[in-house]
>>> print(open('my_file_24.cif').read())   # mmCIF, C-alpha atoms
data_upload
#
loop_
_atom_site.label_atom_id
_atom_site.label_comp_id
_atom_site.auth_asym_id
_atom_site.auth_seq_id
_atom_site.Cartn_x
_atom_site.Cartn_y
_atom_site.Cartn_z
CA MET G 1 4.27 -6.48 -38.55
CA PRO G 2 5.63 -3.91 -36.04
CA LYS G 3 6.20 -5.01 -32.46
CA HIS G 4 4.44 -3.16 -29.66
CA TYR G 5 5.88 -2.70 -26.19
CA ALA G 6 5.18 -0.80 -23.01
CA ILE G 7 7.36 0.32 -20.15
CA GLY G 8 6.07 -0.44 -16.68
CA VAL G 9 7.44 1.39 -13.65
CA ASP G 10 7.05 0.59 -9.96
CA LEU G 11 7.99 3.70 -7.99
CA GLY G 12 8.25 2.61 -4.38
CA GLY G 13 9.57 4.17 -1.20
CA THR G 14 12.94 2.40 -1.45
CA ASN G 15 13.42 1.36 -5.08
CA LEU G 16 12.37 2.34 -8.56
CA ARG G 17 11.96 -0.63 -10.88
CA ALA G 18 11.23 -0.32 -14.60
CA ALA G 19 10.73 -2.97 -17.27
CA LEU G 20 10.26 -3.18 -21.01
CA VAL G 21 7.25 -5.46 -21.49
CA SER G 22 5.76 -7.17 -24.54
CA LYS G 23 2.05 -6.92 -25.32
CA ASN G 24 1.74 -10.44 -23.83
CA GLY G 25 3.27 -9.34 -20.54
CA ASP G 26 6.72 -10.87 -21.05
CA ILE G 27 9.49 -8.88 -19.37
CA LEU G 28 12.15 -8.26 -22.00
CA GLU G 29 14.49 -6.00 -20.05
CA LYS G 30 14.46 -4.46 -16.58
CA THR G 31 16.31 -2.03 -14.37
CA LYS G 32 16.33 -1.14 -10.67
CA VAL G 33 17.67 1.98 -8.96
CA SER G 34 17.23 3.60 -5.57
CA SER G 35 14.31 5.99 -5.23
CA SER G 36 16.28 8.27 -2.91
CA GLY G 37 17.83 11.46 -4.23
CA ASP G 38 16.39 13.15 -7.34
CA VAL G 39 13.53 10.74 -8.00
CA MET G 40 12.31 12.46 -11.18
CA ALA G 41 15.80 12.42 -12.74
CA SER G 42 16.24 8.73 -11.84
CA LEU G 43 12.77 7.96 -13.19
CA LYS G 44 13.41 9.74 -16.50
CA GLU G 45 16.81 8.04 -16.87
CA ALA G 46 15.36 4.57 -16.17
CA ILE G 47 12.53 5.06 -18.66
CA GLU G 48 14.71 6.54 -21.39
CA GLY G 49 17.12 3.61 -20.98
CA LEU G 50 14.29 1.25 -21.93
CA VAL G 51 12.66 3.23 -24.77
CA ARG G 52 12.85 1.38 -28.09
CA GLU G 53 11.12 1.63 -31.43
CA GLY G 54 7.65 0.21 -30.89
CA VAL G 55 7.17 1.48 -27.31
CA ASP G 56 3.59 2.73 -27.22
CA GLY G 57 3.54 4.15 -23.70
CA VAL G 58 4.66 4.14 -20.09
CA GLY G 59 2.66 3.05 -17.07
CA ILE G 60 3.85 4.32 -13.69
CA GLY G 61 2.63 2.80 -10.44
CA ALA G 62 3.57 5.16 -7.61
CA ALA G 63 3.22 4.77 -3.86
CA GLY G 64 0.75 7.13 -2.22
CA VAL G 65 -2.32 9.14 -3.09
CA LEU G 66 -2.31 10.42 -6.67
CA ASP G 67 -4.42 12.61 -8.90
CA THR G 68 -4.32 10.41 -12.00
CA GLU G 69 -5.92 13.07 -14.23
CA THR G 70 -3.22 15.67 -13.54
CA GLN G 71 -0.57 12.96 -12.93
CA THR G 72 0.30 14.60 -9.61
CA VAL G 73 1.43 13.02 -6.34
CA ILE G 74 -0.84 14.40 -3.63
CA ASN G 75 0.69 12.60 -0.65
CA SER G 76 3.35 9.90 -0.55
CA PRO G 77 4.47 9.30 3.06
CA ASN G 78 7.33 7.03 1.92
CA LEU G 79 8.44 9.37 -0.89
CA PRO G 80 7.81 12.84 0.57
CA SER G 81 10.09 14.49 -2.01
CA MET G 82 7.43 13.59 -4.60
CA ASN G 83 4.56 15.39 -2.84
CA GLY G 84 3.10 17.95 -5.23
CA ARG G 85 5.25 16.74 -8.13
CA THR G 86 3.70 15.89 -11.48
CA PHE G 87 4.80 13.15 -13.84
CA ASN G 88 4.04 15.53 -16.72
CA ASP G 89 7.45 17.04 -15.88
CA LEU G 90 9.09 13.94 -17.39
CA ALA G 91 8.35 15.31 -20.90
CA LEU G 92 8.64 11.89 -22.53
CA SER G 93 8.10 11.19 -26.22
CA VAL G 94 5.43 8.56 -25.46
CA PRO G 95 2.16 8.76 -23.50
CA VAL G 96 2.32 8.22 -19.73
CA VAL G 97 -0.40 6.73 -17.51
CA VAL G 98 -0.09 7.04 -13.73
CA GLU G 99 -1.80 4.89 -11.11
CA ASN G 100 -1.38 4.07 -7.43
CA ASP G 101 1.13 1.22 -7.19
CA ALA G 102 -1.24 -1.16 -5.41
CA ASN G 103 -3.99 -0.44 -7.95
CA ALA G 104 -1.48 -1.15 -10.73
CA ALA G 105 -0.64 -4.45 -9.01
CA VAL G 106 -4.36 -5.32 -8.92
CA LEU G 107 -4.63 -4.68 -12.66
CA GLY G 108 -1.58 -6.85 -13.28
CA GLU G 109 -3.03 -9.70 -11.21
CA LYS G 110 -6.31 -9.41 -13.11
CA TRP G 111 -4.54 -9.41 -16.48
CA LEU G 112 -2.05 -12.26 -16.05
CA TRP G 113 -2.04 -13.92 -12.65
CA ALA G 114 -4.17 -14.96 -9.69
CA GLY G 115 -7.06 -12.57 -10.41
CA ARG G 116 -7.64 -13.66 -14.02
CA ASP G 117 -10.82 -15.56 -13.30
CA LEU G 118 -12.08 -13.48 -10.38
CA GLN G 119 -14.71 -10.75 -10.46
CA SER G 120 -13.82 -9.48 -6.98
CA PHE G 121 -10.65 -9.60 -4.89
CA VAL G 122 -8.46 -7.50 -2.60
CA LEU G 123 -4.70 -7.30 -3.01
CA MET G 124 -2.26 -6.07 -0.39
CA THR G 125 1.28 -4.97 -1.13
CA LEU G 126 4.08 -5.22 1.40
CA GLY G 127 7.30 -3.28 0.95
CA THR G 128 8.59 -0.02 2.36
CA GLY G 129 4.93 0.61 3.16
CA ILE G 130 1.71 -1.40 3.06
CA GLY G 131 -0.78 -0.72 0.29
CA GLY G 132 -3.93 -2.24 -1.03
CA GLY G 133 -6.13 -2.33 -4.08
CA ILE G 134 -9.68 -3.56 -4.64
CA PHE G 135 -11.17 -5.18 -7.74
CA HIS G 136 -14.94 -5.60 -7.34
CA GLY G 137 -17.74 -6.46 -9.69
CA GLY G 138 -15.39 -6.73 -12.65
CA ARG G 139 -13.67 -3.36 -12.21
CA LEU G 140 -10.95 -1.60 -10.26
CA MET G 141 -12.44 0.37 -7.40
CA ASP G 142 -11.23 3.96 -7.47
CA VAL G 143 -10.74 4.25 -3.74
CA ALA G 144 -7.75 4.97 -1.56
CA ALA G 145 -7.13 1.53 -0.04
CA GLU G 146 -4.16 2.79 1.96
CA VAL G 147 -4.41 -0.08 4.44
CA GLY G 148 -0.94 0.69 5.79
CA HIS G 149 -2.38 3.85 7.31
CA ILE G 150 -5.07 2.18 9.38
CA SER G 151 -4.42 2.95 13.06
CA VAL G 152 -3.65 -0.22 14.97
CA GLU G 153 -2.20 1.57 17.99
CA ALA G 154 -4.11 4.85 18.24
CA GLY G 155 -2.11 7.60 19.89
CA TRP G 156 1.20 5.76 19.55
CA ARG G 157 4.04 6.43 17.14
CA SER G 158 3.68 9.28 14.68
CA CYS G 159 3.55 8.30 10.99
CA PRO G 160 4.83 10.43 8.09
CA CYS G 161 1.23 10.46 6.80
CA GLY G 162 0.21 12.56 9.83
CA ASN G 163 -1.69 9.77 11.57
CA HIS G 164 -0.60 7.85 14.68
CA GLY G 165 -0.08 4.13 15.17
CA CYS G 166 -0.35 3.19 11.47
CA LEU G 167 -0.08 -0.50 10.56
CA GLU G 168 2.96 0.09 8.35
CA LEU G 169 4.91 1.50 11.32
CA TYR G 170 4.78 -2.02 12.78
CA ALA G 171 4.35 -4.50 9.90
CA SER G 172 5.96 -3.12 6.72
CA ALA G 173 9.29 -4.43 5.44
CA ARG G 174 10.94 -1.23 6.70
CA ALA G 175 9.42 -1.64 10.16
CA ILE G 176 10.47 -5.29 10.42
CA ILE G 177 14.04 -4.50 9.33
CA ASN G 178 14.22 -1.62 11.80
CA ALA G 179 12.91 -3.81 14.65
CA ALA G 180 15.36 -6.60 13.82
CA THR G 181 18.28 -4.16 13.63
CA LYS G 182 17.30 -2.65 16.98
CA ALA G 183 16.98 -6.11 18.58
CA LEU G 184 20.43 -7.10 17.32
CA GLU G 185 21.95 -3.93 18.79
CA GLU G 186 20.54 -4.65 22.26
#
>>> encode(input="my_file_24.cif", output="structure tokens")
Amino acid sequence: MPKHYAIGVDLGGTNLRAALVSKNGDILEKTKVSSSGDVMASLKEAIEGLVREGVDGVGIGAAGVLDTETQTVINSPNLPSMNGRTFNDLALSVPVVVENDANAAVLGEKWLWAGRDLQSFVLMTLGTGIGGGIFHGGRLMDVAAEVGHISVEAGWRSCPCGNHGCLELYASARAIINAATKALEE
């Protein structure tokens, strides 16, 4: 009986992580590279390094607002070099599915972890930015739950998303590291 695998990719504002995963969700091999520089070249290299016989497809969770039908990044404040780019450019030999990274995390939680027995829950991601996904009534809600871009200090600091005073300017991993570094320098 042939084995079936998938490659899962988390494309975040700081790192790109990819893993070869069994149909049961076991991570068989993984890689991590910086998401700075030529993101598409790094992405293609990471995926191709994991492709094996039996890989049925690739799932990419990317930070920001995406058009999943055209596989295009509409706006990614933490990966601005990806704005307007399409994952179709990867020209891989296996099918590719693209989803917002927080929505992909929600689906993962529903499949294997804390959300298995829940019909409704909200998940927040904390990294370079702050994201969120919503599972309600037994299905993923197709909404932009970009909770990191809720204004908590209206009129204050400018955010790469174009808004002012966004939550992730104050509470994301990047913001906390920057504040700690600044405090240590004083």
>>> closest_atom_pairs(input="my_file_24.cif", of="segment 80-149 of chain G", to="segment 17-37 of chain G", cutoff="10 Å", atoms="only C-alpha atoms", output="tab-separated table")
residue	atom	partner	partner_atom	distance
G:Ser81	CA	G:Gly37	CA	8.6
G:Gly108	CA	G:Gly25	CA	9.1
G:Trp111	CA	G:Gly25	CA	8.8
G:Leu112	CA	G:Gly25	CA	7.5
>>> axis_aligned_box(input="my_file_24.cif", around="segment 41-45 of chain G", padding_each_side="8 Å", output="lines of an AutoDock Vina configuration file")
center_x = 14.8
center_y = 10.2
center_z = -14.4
size_x = 20.0
size_y = 20.5
size_z = 21.0
>>> residues_around(input="my_file_24.cif", residues="Leu11 of chain G", least_positions_apart="2", cutoff="6 Å", atoms="all atoms listed in the file", output="list in words")
Leu16, Gly61 and Ala62 of chain G
>>> closest_residue(input="my_file_24.cif", among="G:Val143, G:Val39, G:Val55, G:Gly129", to="Arg85 of chain G", atoms="all atoms listed in the file")
G:Val39
>>> closest_residue(input="my_file_24.cif", among="G:Thr14, G:Gln119, G:Thr125, G:Ser42", to="Gly138 of chain G", atoms="only C-alpha atoms")
G:Gln119
>>> closest_residue(input="my_file_24.cif", among="G:Leu79, G:Leu92, G:Val98, G:Ala173", to="Gly49 of chain G", atoms="all atoms listed in the file")
G:Leu92
>>> resolve_selection(input="my_file_24.cif", expression="the PyMOL selection byres ((chain G and resi 72) around 9)", output="ChimeraX atom specification")
/G:65-71,73-74,82-88,98
>>> resolve_selection(input="my_file_24.cif", expression="the PyMOL selection byres ((chain G and resi 134) around 10)", output="PyMOL selection string")
chain G and resi 102-103+106-107+120-124+132-133+135-137+139-145
>>> resolve_selection(input="my_file_24.cif", expression="the PyMOL selection byres ((chain G and resi 172) around 6)", output="PyMOL selection string")
chain G and resi 127-130+168+171+173-175
>>> closest_residue(input="my_file_24.cif", among="G:Val152, G:Val9, G:Ile177, G:Leu118", to="Ala63 of chain G", atoms="all atoms listed in the file")
G:Val9
>>> closest_residue(input="my_file_24.cif", among="G:Leu43, G:Leu169, G:Ala179, G:Cys161", to="Gly64 of chain G", atoms="only C-alpha atoms")
G:Cys161
>>> atom_distance(input="my_file_24.cif", atom1="atom CA of Ile176 of chain G", atom2="atom CA of Glu99 of chain G")
26.8 Å
>>> build_atoms(input="my_file_24.cif", residues="segment 51-69 of chain G", atoms="N, CA, C and O atoms", output="PDB file, in the frame of the given file")
ATOM      1  N   VAL G  51      13.432   2.844 -23.585  1.00  0.00           N
ATOM      2  CA  VAL G  51      12.660   3.230 -24.770  1.00  0.00           C
ATOM      3  C   VAL G  51      13.287   2.625 -26.021  1.00  0.00           C
ATOM      4  O   VAL G  51      14.497   2.673 -26.212  1.00  0.00           O
ATOM      5  N   ARG G  52      12.450   2.004 -26.822  1.00  0.00           N
ATOM      6  CA  ARG G  52      12.850   1.380 -28.090  1.00  0.00           C
ATOM      7  C   ARG G  52      11.805   1.760 -29.143  1.00  0.00           C
ATOM      8  O   ARG G  52      10.713   2.202 -28.807  1.00  0.00           O
ATOM      9  N   GLU G  53      12.127   1.483 -30.381  1.00  0.00           N
ATOM     10  CA  GLU G  53      11.120   1.630 -31.430  1.00  0.00           C
ATOM     11  C   GLU G  53       9.999   0.635 -31.106  1.00  0.00           C
ATOM     12  O   GLU G  53      10.261  -0.516 -30.755  1.00  0.00           O
ATOM     13  N   GLY G  54       8.783   1.080 -31.179  1.00  0.00           N
ATOM     14  CA  GLY G  54       7.650   0.210 -30.890  1.00  0.00           C
ATOM     15  C   GLY G  54       7.094   0.385 -29.478  1.00  0.00           C
ATOM     16  O   GLY G  54       6.094  -0.229 -29.139  1.00  0.00           O
ATOM     17  N   VAL G  55       7.720   1.218 -28.649  1.00  0.00           N
ATOM     18  CA  VAL G  55       7.170   1.480 -27.310  1.00  0.00           C
ATOM     19  C   VAL G  55       5.987   2.427 -27.483  1.00  0.00           C
ATOM     20  O   VAL G  55       6.130   3.539 -27.992  1.00  0.00           O
ATOM     21  N   ASP G  56       4.819   1.954 -27.055  1.00  0.00           N
ATOM     22  CA  ASP G  56       3.590   2.730 -27.220  1.00  0.00           C
ATOM     23  C   ASP G  56       3.260   3.614 -26.033  1.00  0.00           C
ATOM     24  O   ASP G  56       2.446   4.530 -26.157  1.00  0.00           O
ATOM     25  N   GLY G  57       3.854   3.338 -24.868  1.00  0.00           N
ATOM     26  CA  GLY G  57       3.540   4.150 -23.700  1.00  0.00           C
ATOM     27  C   GLY G  57       4.233   3.649 -22.456  1.00  0.00           C
ATOM     28  O   GLY G  57       4.899   2.604 -22.459  1.00  0.00           O
ATOM     29  N   VAL G  58       4.066   4.425 -21.391  1.00  0.00           N
ATOM     30  CA  VAL G  58       4.660   4.140 -20.090  1.00  0.00           C
ATOM     31  C   VAL G  58       3.557   4.124 -19.051  1.00  0.00           C
ATOM     32  O   VAL G  58       2.709   5.021 -19.020  1.00  0.00           O
ATOM     33  N   GLY G  59       3.560   3.107 -18.206  1.00  0.00           N
ATOM     34  CA  GLY G  59       2.660   3.050 -17.070  1.00  0.00           C
ATOM     35  C   GLY G  59       3.474   3.161 -15.795  1.00  0.00           C
ATOM     36  O   GLY G  59       4.429   2.411 -15.605  1.00  0.00           O
ATOM     37  N   ILE G  60       3.122   4.115 -14.940  1.00  0.00           N
ATOM     38  CA  ILE G  60       3.850   4.320 -13.690  1.00  0.00           C
ATOM     39  C   ILE G  60       2.917   4.024 -12.520  1.00  0.00           C
ATOM     40  O   ILE G  60       1.854   4.631 -12.403  1.00  0.00           O
ATOM     41  N   GLY G  61       3.322   3.079 -11.693  1.00  0.00           N
ATOM     42  CA  GLY G  61       2.630   2.800 -10.440  1.00  0.00           C
ATOM     43  C   GLY G  61       3.436   3.449  -9.336  1.00  0.00           C
ATOM     44  O   GLY G  61       4.603   3.113  -9.141  1.00  0.00           O
ATOM     45  N   ALA G  62       2.846   4.414  -8.645  1.00  0.00           N
ATOM     46  CA  ALA G  62       3.570   5.160  -7.610  1.00  0.00           C
ATOM     47  C   ALA G  62       2.895   5.000  -6.254  1.00  0.00           C
ATOM     48  O   ALA G  62       1.666   4.976  -6.164  1.00  0.00           O
ATOM     49  N   ALA G  63       3.719   4.907  -5.228  1.00  0.00           N
ATOM     50  CA  ALA G  63       3.220   4.770  -3.860  1.00  0.00           C
ATOM     51  C   ALA G  63       2.567   6.068  -3.401  1.00  0.00           C
ATOM     52  O   ALA G  63       3.116   7.144  -3.616  1.00  0.00           O
ATOM     53  N   GLY G  64       1.404   5.958  -2.790  1.00  0.00           N
ATOM     54  CA  GLY G  64       0.750   7.130  -2.220  1.00  0.00           C
ATOM     55  C   GLY G  64      -0.549   7.479  -2.905  1.00  0.00           C
ATOM     56  O   GLY G  64      -1.058   6.749  -3.753  1.00  0.00           O
ATOM     57  N   VAL G  65      -1.068   8.635  -2.536  1.00  0.00           N
ATOM     58  CA  VAL G  65      -2.320   9.140  -3.090  1.00  0.00           C
ATOM     59  C   VAL G  65      -1.987  10.023  -4.277  1.00  0.00           C
ATOM     60  O   VAL G  65      -1.180  10.946  -4.161  1.00  0.00           O
ATOM     61  N   LEU G  66      -2.607   9.720  -5.427  1.00  0.00           N
ATOM     62  CA  LEU G  66      -2.310  10.420  -6.670  1.00  0.00           C
ATOM     63  C   LEU G  66      -3.561  11.037  -7.269  1.00  0.00           C
ATOM     64  O   LEU G  66      -4.663  10.532  -7.075  1.00  0.00           O
ATOM     65  N   ASP G  67      -3.370  12.094  -8.024  1.00  0.00           N
ATOM     66  CA  ASP G  67      -4.420  12.610  -8.900  1.00  0.00           C
ATOM     67  C   ASP G  67      -4.045  12.103 -10.286  1.00  0.00           C
ATOM     68  O   ASP G  67      -3.122  12.637 -10.917  1.00  0.00           O
ATOM     69  N   THR G  68      -4.714  11.040 -10.735  1.00  0.00           N
ATOM     70  CA  THR G  68      -4.320  10.410 -12.000  1.00  0.00           C
ATOM     71  C   THR G  68      -4.623  11.292 -13.209  1.00  0.00           C
ATOM     72  O   THR G  68      -3.966  11.163 -14.231  1.00  0.00           O
ATOM     73  N   GLU G  69      -5.607  12.182 -13.096  1.00  0.00           N
ATOM     74  CA  GLU G  69      -5.920  13.070 -14.230  1.00  0.00           C
ATOM     75  C   GLU G  69      -4.808  14.078 -14.474  1.00  0.00           C
ATOM     76  O   GLU G  69      -4.417  14.323 -15.606  1.00  0.00           O
TER      77      GLU G  69
END
